[in-house]
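The file entry25.cif contains mmCIF, C-alpha atoms:
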```cif
data_run
#
loop_
_atom_site.label_atom_id
_atom_site.label_comp_id
_atom_site.auth_asym_id
_atom_site.auth_seq_id
_atom_site.Cartn_x
_atom_site.Cartn_y
_atom_site.Cartn_z
CA MET D 1 177.17 -6.03 14.51
CA ALA D 2 179.96 -8.04 12.93
CA ARG D 3 179.77 -11.63 11.87
CA VAL D 4 182.49 -14.23 11.66
CA VAL D 5 181.71 -17.50 9.91
CA VAL D 6 183.33 -20.75 10.98
CA ASP D 7 183.15 -23.74 8.66
CA VAL D 8 183.87 -27.10 10.29
CA MET D 9 184.60 -30.19 8.18
CA LEU D 10 185.59 -33.71 9.06
CA LYS D 11 189.23 -34.34 8.20
CA PRO D 12 189.63 -36.03 4.81
CA GLU D 13 190.80 -39.28 6.39
CA ILE D 14 187.76 -39.54 8.68
CA LEU D 15 184.89 -41.53 7.23
CA ASP D 16 181.74 -39.45 6.75
CA PRO D 17 178.85 -41.94 6.75
CA GLN D 18 176.26 -39.14 6.45
CA GLY D 19 177.94 -37.85 3.31
CA GLN D 20 178.14 -41.39 1.94
CA ALA D 21 174.44 -41.94 2.58
CA VAL D 22 173.63 -38.76 0.68
CA ALA D 23 175.97 -39.72 -2.16
CA ASN D 24 174.31 -43.13 -2.36
CA ALA D 25 170.91 -41.47 -2.70
CA LEU D 26 171.92 -39.29 -5.66
CA PRO D 27 171.39 -41.96 -8.34
CA ARG D 28 167.74 -41.99 -7.34
CA LEU D 29 167.64 -38.33 -8.40
CA GLY D 30 169.11 -39.33 -11.73
CA VAL D 31 172.53 -37.93 -10.76
CA SER D 32 175.33 -40.27 -11.71
CA ASP D 33 178.41 -38.03 -12.02
CA VAL D 34 179.04 -37.25 -8.30
CA THR D 35 181.90 -39.21 -6.79
CA SER D 36 181.82 -37.93 -3.21
CA VAL D 37 179.72 -35.92 -0.75
CA ARG D 38 181.08 -34.67 2.58
CA ILE D 39 178.94 -32.93 5.17
CA GLY D 40 180.19 -30.21 7.52
CA ARG D 41 178.83 -27.46 9.71
CA ARG D 42 178.64 -23.68 9.22
CA ILE D 43 178.59 -21.58 12.39
CA GLU D 44 177.90 -17.84 12.41
CA ILE D 45 179.25 -15.84 15.34
CA GLU D 46 177.95 -12.33 15.93
CA PHE D 47 180.24 -9.99 17.86
CA ALA D 48 178.76 -7.07 19.77
CA GLY D 49 181.45 -4.72 18.47
CA ASP D 50 184.02 -5.23 15.75
CA ALA D 51 184.51 -8.72 14.36
CA ASP D 52 187.35 -10.44 16.17
CA PRO D 53 188.73 -13.24 13.99
CA GLU D 54 191.37 -14.18 16.55
CA ARG D 55 188.76 -14.63 19.24
CA ALA D 56 186.65 -16.60 16.77
CA ARG D 57 189.65 -18.81 16.03
CA GLU D 58 190.06 -19.49 19.76
CA ILE D 59 186.36 -20.37 20.08
CA ALA D 60 186.59 -22.67 17.08
CA ASP D 61 189.73 -24.37 18.31
CA LYS D 62 188.47 -24.95 21.86
CA LEU D 63 184.81 -25.70 21.27
CA LEU D 64 183.37 -25.55 17.77
CA ALA D 65 185.73 -28.09 16.20
CA ASN D 66 187.35 -31.21 17.61
CA PRO D 67 190.91 -31.10 16.21
CA VAL D 68 191.15 -34.89 16.50
CA ILE D 69 188.62 -35.40 13.72
CA GLU D 70 187.81 -31.98 12.27
CA ASP D 71 189.41 -29.02 10.48
CA PHE D 72 187.95 -25.53 10.46
CA THR D 73 188.22 -22.34 8.43
CA ILE D 74 187.14 -18.89 9.57
CA HIS D 75 186.28 -15.82 7.56
CA LEU D 76 184.54 -12.52 7.97
CA ASP D 77 181.08 -12.67 6.49
CA GLY D 78 181.44 -11.66 2.85
CA ALA D 79 185.22 -12.08 2.81
CA ALA D 80 187.24 -14.89 1.26
CA ALA D 81 187.83 -17.97 3.40
CA GLU D 82 191.00 -18.04 5.44
CA VAL D 83 192.39 -21.48 6.18
CA ALA D 84 192.98 -22.10 9.87
CA MET O 1 184.09 -46.00 49.51
CA ARG O 2 182.17 -43.18 47.85
CA ILE O 3 181.58 -43.19 44.10
CA GLY O 4 180.32 -39.92 42.63
CA VAL O 5 177.93 -39.99 39.66
CA VAL O 6 177.58 -36.75 37.70
CA THR O 7 174.21 -35.64 36.36
CA PHE O 8 174.36 -33.34 33.33
CA PRO O 9 171.30 -31.88 31.65
CA GLY O 10 170.30 -34.78 29.41
CA SER O 11 172.01 -37.57 31.36
CA LEU O 12 169.96 -40.77 31.23
CA ASP O 13 171.86 -43.47 33.06
CA ASP O 14 172.93 -41.58 36.17
CA GLY O 15 170.32 -43.39 38.25
CA ASP O 16 171.42 -46.82 37.02
CA ALA O 17 175.09 -45.96 37.52
CA ALA O 18 174.45 -44.88 41.11
CA ARG O 19 172.47 -48.05 41.67
CA ALA O 20 175.26 -50.20 40.24
CA ALA O 21 177.73 -48.51 42.58
CA ARG O 22 175.47 -49.31 45.54
CA ILE O 23 174.99 -52.93 44.47
CA ALA O 24 178.78 -53.25 44.25
CA GLY O 25 179.00 -52.12 47.87
CA ALA O 26 179.90 -48.44 47.48
CA GLU O 27 178.11 -45.36 48.69
CA ALA O 28 176.77 -43.51 45.63
CA VAL O 29 177.10 -39.73 45.76
CA ARG O 30 175.10 -37.74 43.23
CA LEU O 31 177.11 -34.87 41.74
CA TRP O 32 175.63 -31.95 39.82
CA HIS O 33 177.19 -30.60 36.62
CA GLY O 34 176.97 -27.01 37.81
CA ASP O 35 178.71 -27.64 41.12
CA PRO O 36 182.53 -27.80 41.08
CA ASN O 37 182.59 -29.46 44.52
CA LEU O 38 183.29 -33.20 44.30
CA TYR O 39 182.48 -33.71 48.00
CA GLY O 40 185.54 -35.85 48.59
CA VAL O 41 184.40 -38.81 46.47
CA ASP O 42 186.92 -41.62 45.89
CA ALA O 43 185.97 -42.20 42.25
CA VAL O 44 183.67 -40.68 39.63
CA VAL O 45 181.36 -42.14 36.98
CA LEU O 46 180.32 -40.01 34.01
CA PRO O 47 177.07 -41.68 32.94
CA GLY O 48 175.45 -42.29 29.58
CA GLY O 49 172.82 -40.16 27.95
CA PHE O 50 172.71 -37.06 25.80
CA SER O 51 174.32 -34.27 27.80
CA TYR O 52 173.27 -30.86 26.48
CA GLY O 53 171.21 -32.64 23.84
CA ASP O 54 174.38 -33.85 22.09
CA TYR O 55 174.45 -30.36 20.57
CA LEU O 56 177.56 -29.46 18.54
CA ARG O 57 179.24 -32.83 19.21
CA CYS O 58 178.49 -35.47 21.83
CA GLY O 59 180.19 -34.39 25.06
CA ALA O 60 181.62 -31.15 23.64
CA ILE O 61 179.64 -28.82 25.89
CA ALA O 62 179.60 -31.05 28.97
CA ARG O 63 183.38 -30.89 29.00
CA PHE O 64 183.16 -27.24 30.12
CA ALA O 65 180.74 -27.87 33.02
CA PRO O 66 182.04 -26.66 36.42
CA ALA O 67 181.98 -30.25 37.75
CA MET O 68 184.09 -31.39 34.79
CA GLU O 69 186.79 -28.81 35.45
CA SER O 70 187.24 -30.28 38.94
CA ILE O 71 187.09 -33.84 37.60
CA ILE O 72 189.70 -33.14 34.90
CA ASP O 73 192.10 -31.80 37.55
CA ALA O 74 191.40 -34.70 39.92
CA ALA O 75 191.75 -37.30 37.14
CA ARG O 76 195.19 -35.94 36.28
CA GLY O 77 196.01 -36.43 39.95
CA GLY O 78 194.94 -40.10 39.89
CA LEU O 79 191.23 -40.05 40.76
CA PRO O 80 189.58 -43.10 39.15
CA VAL O 81 187.09 -41.93 36.50
CA LEU O 82 184.86 -44.18 34.40
CA GLY O 83 183.08 -42.63 31.41
CA ILE O 84 180.27 -44.76 30.02
CA CYS O 85 178.90 -44.04 26.53
CA ASN O 86 178.25 -40.27 26.65
CA GLY O 87 180.76 -40.23 29.52
CA PHE O 88 183.38 -41.78 27.19
CA GLN O 89 182.60 -39.06 24.65
CA ILE O 90 183.05 -36.40 27.35
CA LEU O 91 186.43 -37.88 28.39
CA CYS O 92 187.64 -37.72 24.77
CA GLU O 93 186.39 -34.16 24.37
CA ALA O 94 188.18 -33.26 27.62
CA HIS O 95 191.41 -34.79 26.21
CA LEU O 96 191.69 -37.15 29.17
CA LEU O 97 191.51 -39.94 26.58
CA PRO O 98 192.80 -39.82 23.00
CA GLY O 99 190.67 -40.13 19.88
CA ALA O 100 186.99 -39.41 19.34
CA LEU O 101 183.61 -41.14 19.05
CA THR O 102 181.84 -40.57 15.76
CA ARG O 103 178.57 -41.53 14.09
CA ASN O 104 178.08 -45.28 13.78
CA GLN O 105 179.33 -46.32 10.36
CA HIS O 106 175.97 -47.81 9.37
CA LEU O 107 174.17 -44.68 10.70
CA HIS O 108 171.76 -46.72 12.81
CA PHE O 109 171.31 -46.44 16.55
CA ARG O 110 172.44 -49.83 17.85
CA ASN O 111 170.83 -51.32 20.94
CA ARG O 112 171.66 -54.91 21.87
CA ASP O 113 173.46 -57.17 24.30
CA GLN O 114 177.09 -57.17 23.24
CA HIS O 115 179.96 -59.56 23.81
CA LEU O 116 183.25 -57.94 24.79
CA ARG O 117 186.70 -59.29 25.48
CA ILE O 118 188.54 -57.66 28.40
CA GLU O 119 191.99 -56.86 27.01
CA SER O 120 193.56 -55.03 29.95
CA THR O 121 193.14 -55.81 33.63
CA ASP O 122 195.71 -53.22 34.71
CA THR O 123 193.19 -50.41 35.12
CA ALA O 124 191.38 -49.17 38.20
CA TRP O 125 188.09 -50.32 36.66
CA THR O 126 189.02 -53.77 35.28
CA ASN O 127 191.47 -55.30 37.77
CA GLY O 128 188.84 -57.81 38.90
CA PHE O 129 188.58 -59.47 35.49
CA THR O 130 190.93 -62.02 33.99
CA PRO O 131 192.81 -61.08 30.81
CA GLY O 132 190.88 -62.29 27.75
CA GLN O 133 187.68 -62.79 29.73
CA GLU O 134 184.51 -62.50 27.65
CA VAL O 135 181.68 -60.48 29.14
CA LEU O 136 178.16 -59.68 27.94
CA ILE O 137 176.81 -56.18 28.55
CA PRO O 138 174.33 -53.96 26.71
CA VAL O 139 175.46 -51.47 24.08
CA LYS O 140 173.19 -48.62 22.98
CA ASN O 141 174.59 -45.76 20.96
CA GLY O 142 174.31 -43.76 17.78
CA GLU O 143 177.79 -42.26 17.93
CA GLY O 144 180.02 -45.01 19.26
CA CYS O 145 182.47 -45.45 16.41
CA TYR O 146 185.89 -44.97 17.97
CA VAL O 147 188.41 -43.23 15.69
CA ALA O 148 191.98 -42.05 16.14
CA ASP O 149 194.97 -41.67 13.84
CA GLU O 150 197.01 -44.80 13.13
CA ARG O 151 199.88 -43.70 15.37
CA THR O 152 197.54 -43.26 18.34
CA LEU O 153 195.88 -46.63 17.68
CA ASP O 154 199.27 -48.34 17.45
CA ALA O 155 200.34 -46.71 20.71
CA LEU O 156 197.14 -47.74 22.50
CA VAL O 157 197.68 -51.34 21.44
CA ALA O 158 201.42 -51.35 22.21
CA GLU O 159 200.92 -49.82 25.65
CA GLY O 160 198.10 -52.19 26.59
CA ARG O 161 195.61 -49.34 26.77
CA VAL O 162 192.85 -51.04 24.79
CA VAL O 163 190.71 -52.14 27.74
CA ALA O 164 187.96 -54.03 25.89
CA ARG O 165 187.17 -55.04 22.32
CA TYR O 166 183.91 -56.00 20.66
CA THR O 167 183.68 -59.69 19.82
CA ARG O 168 181.11 -61.62 17.76
CA GLY O 169 180.37 -58.49 15.72
CA ASN O 170 181.38 -54.84 15.89
CA PRO O 171 178.20 -52.80 16.55
CA ASN O 172 179.35 -49.41 15.28
CA GLY O 173 182.46 -49.71 13.09
CA SER O 174 184.94 -48.76 15.83
CA GLN O 175 188.52 -48.94 14.62
CA ARG O 176 190.28 -52.14 15.73
CA ASP O 177 187.01 -53.20 17.42
CA ILE O 178 187.76 -50.88 20.33
CA ALA O 179 185.02 -50.75 22.96
CA ALA O 180 187.03 -49.26 25.86
CA ILE O 181 190.38 -47.55 26.39
CA THR O 182 192.36 -46.13 29.31
CA ASN O 183 194.83 -43.31 29.92
CA GLU O 184 198.52 -43.92 30.59
CA ALA O 185 198.06 -44.14 34.36
CA GLY O 186 195.12 -46.58 34.15
CA ASN O 187 192.83 -44.51 36.37
CA VAL O 188 190.66 -43.08 33.58
CA VAL O 189 188.63 -45.53 31.49
CA GLY O 190 186.12 -44.80 28.75
CA ILE O 191 183.75 -47.56 27.63
CA MET O 192 180.98 -47.37 25.05
CA PRO O 193 178.77 -50.28 26.26
CA HIS O 194 176.95 -50.02 29.60
CA PRO O 195 178.24 -52.07 32.54
CA GLU O 196 175.71 -50.36 34.83
CA HIS O 197 172.92 -52.13 32.93
CA ALA O 198 174.36 -55.58 33.65
CA VAL O 199 174.39 -55.79 37.43
CA GLU O 200 171.16 -57.67 38.19
CA ALA O 201 169.55 -60.79 36.77
CA LEU O 202 166.14 -59.11 36.61
CA THR O 203 167.13 -56.31 34.23
CA GLY O 204 170.44 -57.25 32.63
CA PRO O 205 171.72 -59.98 30.31
CA SER O 206 174.39 -60.91 32.89
CA LEU O 207 176.04 -59.64 36.06
CA ASP O 208 179.28 -58.95 34.18
CA GLY O 209 178.99 -55.18 34.54
CA LEU O 210 179.38 -55.40 38.28
CA GLY O 211 183.06 -56.25 37.80
CA PHE O 212 183.86 -52.67 36.75
CA PHE O 213 182.46 -51.29 39.99
CA THR O 214 183.94 -53.95 42.27
CA SER O 215 187.28 -53.45 40.51
CA VAL O 216 187.46 -49.80 41.47
CA LEU O 217 186.57 -50.63 45.07
CA ARG O 218 189.44 -53.10 45.09
CA ALA O 219 191.79 -50.52 43.53
CA LEU O 220 190.77 -47.97 46.15
CA ALA O 221 191.16 -50.45 48.99
CA GLY O 222 194.60 -51.37 47.69
CA ALA O 223 195.50 -47.70 47.37
CA SER O 224 194.50 -46.88 50.93
CA ALA O 225 196.26 -49.99 52.28
CA GLY O 226 199.43 -49.78 50.23
CA GLY O 227 199.58 -46.08 49.51
CA GLN O 228 199.69 -46.69 45.77
CA GLN O 229 197.85 -44.78 43.11
CA PRO O 230 194.64 -46.44 41.97
CA GLY O 231 195.27 -47.95 38.60
CA GLY O 232 198.09 -50.11 39.81
CA GLN O 233 200.92 -48.57 37.80
#
```
Do you think you could lay out the structure here as structure tokens?
Amino acid sequence: MARVVVDVMLKPEILDPQGQAVANALPRLGVSDVTSVRIGRRIEIEFAGDADPERAREIADKLLANPVIEDFTIHLDGAAAEVA
Amino acid sequence: MRIGVVTFPGSLDDGDAARAARIAGAEAVRLWHGDPNLYGVDAVVLPGGFSYGDYLRCGAIARFAPAMESIIDAARGGLPVLGICNGFQILCEAHLLPGALTRNQHLHFRNRDQHLRIESTDTAWTNGFTPGQEVLIPVKNGEGCYVADERTLDALVAEGRVVARYTRGNPNGSQRDIAAITNEAGNVVGIMPHPEHAVEALTGPSLDGLGFFTSVLRALAGASAGGQQPGGQ
């Protein structure tokens, strides 16, 4: 079985209120040196045969990410991230 | 006139939308997400709710339902389509409308009666209002913050495609106070608040929502009489 990992993040210009809420909670942990937190989504796709990054890219582009507000990167599990 | 209302797994307001269509004088036809047949309806409402549990992103999975594939084709051909709340999210995910709906800026689910100003009366769903008219209809969403890039927002404003704006307070942080937009042809409208919940004195804060449903009946009547595309453009 071969796994492709897709990481989806909001584009930098899109406000991430969840990340802001987390960042605002950090001082209560005694953390004062974090300037920003952004929250994304990691999706693991298992292929029945060989890993197919191109097919994974198609899945990410059509369904997993909304290109209006999100960017994605795909990489084979264990390999370095490849920017989409 | 026959208005189809699609039920997805997780739809909540399909019953109210069908009821609103009937109160406006239409025949409501219940459509099923798994059935690509639209049964010859004259217009379609995509109702509010949480289709597919809002998994992945709101509306992202519903967009690929067999019924949606037929609706996307028909909408490109001029079929009037109104997406309410989750329906608006589905229309954006289907690229029938630009932009996207994201988490409310304050992170809270917002549920209240909301004042709106009708900005465009050139659409199939708002031709019965007067430009600038204020209406009061319920809003209830957790992910209703409309976002798009500046160029898209400028184009929507310049082309008169902002259909309604929030007034007396923006409930979710939507850019430029956008509550509803339309496509270039004016037949597809997405609105975050719920006109189908404001059609009777007993249950709604006003009867203002009825205007969306009577508007489409008027557009359809005009289309069948004059042979023009609904939407009036």
Exercise. Counting only C-alpha atoms, which residues from chain O have an atom at most 12 Å from any atom of chain D, and could you show them as a PyMOL selection string?
Worked result: chain O and resi 55-64+89-90+92-95+97-108+143+145-150+152+172-175
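Among the candidate residues O:Ala74, O:Ile191, O:Val81, O:Ala198, the one lying nearest to Val135 of chain O is O:Ala198, with distances computed using all atoms listed in the file.
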For this session: Work out how far apart atom CA of Met1 of chain O and atom CA of Glu27 of chain O are and give it in Å to one decimal.
Result: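 So the answer is 6.1 Å.
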For this session: Compare D:Val31, D:Ile74, D:Val37, D:Ile45 by their minimum atom-to-atom distance to Arg57 of chain D, counting only C-alpha atoms, and give me the closest one.
Result: D:Ile74
Exercise. Given the file above and the PyMOL selection byres ((chain O and resi 186) around 10), which residues are selected, and can you give them as a list of chain:residue names?
Worked result: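 Expected selection for the PyMOL selection byres ((chain O and resi 186) around 10) here is O:Gly78, O:Pro80, O:Val81, O:Ser120, O:Thr121, O:Asp122, O:Thr123, O:Ala124, O:Trp125, O:Thr126, O:Gly160, O:Arg161, O:Val163, O:Ile181, O:Thr182, O:Asn183, O:Glu184, O:Ala185, O:Asn187, O:Val188, O:Val189, O:Gln229, O:Pro230, O:Gly231, O:Gly232, O:Gln233.
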For this session: Would you translate the PyMOL selection byres ((chain O and resi 20) around 10) into the concrete set of residues it matches in this file, as a PyMOL selection string?
Result: chain O and resi 14-19+21-26+28+195-200+209-210+212-214
Problem set entry | Between atom CA of Pro53 of chain D and atom CA of Val4 of chain D, distance in Å (one decimal) |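 Between these atoms lies a distance of 6.7 Å.
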Problem set entry | Residues near Phe109 of chain O, cut-off 8 Å, all atoms listed in the file, skip fewer than 6 positions along chain, as a PyMOL selection string | chain O and resi 140-143
Exercise. Excluding same-chain residues fewer than 6 positions from segment 165-168 of chain O, what lies within 6 Å of it counting all atoms listed in the file, as a PyMOL selection string?
Worked result: chain O and resi 115-117+177-179
Exercise. What does the distance from atom CA of Ile137 of chain O to atom CA of Leu207 of chain O come to in Å, to one decimal?
Worked result: 8.3 Å
Exercise. Using only C-alpha atoms, which residue out of O:Leu12, O:Leu96, O:Ile71, O:Ala164 lies closest to Tyr39 of chain O?
Worked result: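 Under the stated criterion, the closest residue is O:Ile71.
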Edge lengths and centre, in Å to one decimal, as lines of an AutoDock Vina configuration file: that's what I need for the box along x, y and z that holds all listed atoms of segment 170-184 of chain O plus 4 Å on each side.
```
center_x = 188.4
center_y = -49.1
center_z = 21.8
size_x = 28.3
size_y = 19.5
size_z = 25.5
```
For this session: Decode the PyMOL selection byres ((chain O and resi 44) around 8) for the given file into explicit residues and return them as a list in words.
Result: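 Written out, the selection comes to Ile3, Gly4, Val5, Val6, Val41, Asp42, Ala43, Val45, Leu46, Ile71, Leu79, Pro80, Val81 and Leu82 of chain O.
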Exercise. Looking at D:Glu58, D:Asp52, D:Thr73, D:Leu26, which one is nearest to Gly40 of chain D, with distances taken over only C-alpha atoms?
Worked result: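 Of all the options, D:Thr73 lies closest to Gly40 of chain D.
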For this session: Excluding Glu44 of chain D and residues on its chain fewer than 6 positions from it, collect all residues at most 7 Å away from it, counting all atoms listed in the file, and give them as a PyMOL selection string.
Result: chain D and resi 3-6
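Considering the residues D:Asp77, D:Asp71, D:Asp61, D:Asp33 and counting only C-alpha atoms, Met9 of chain D has its shortest atom-to-atom contact with D:Asp71.
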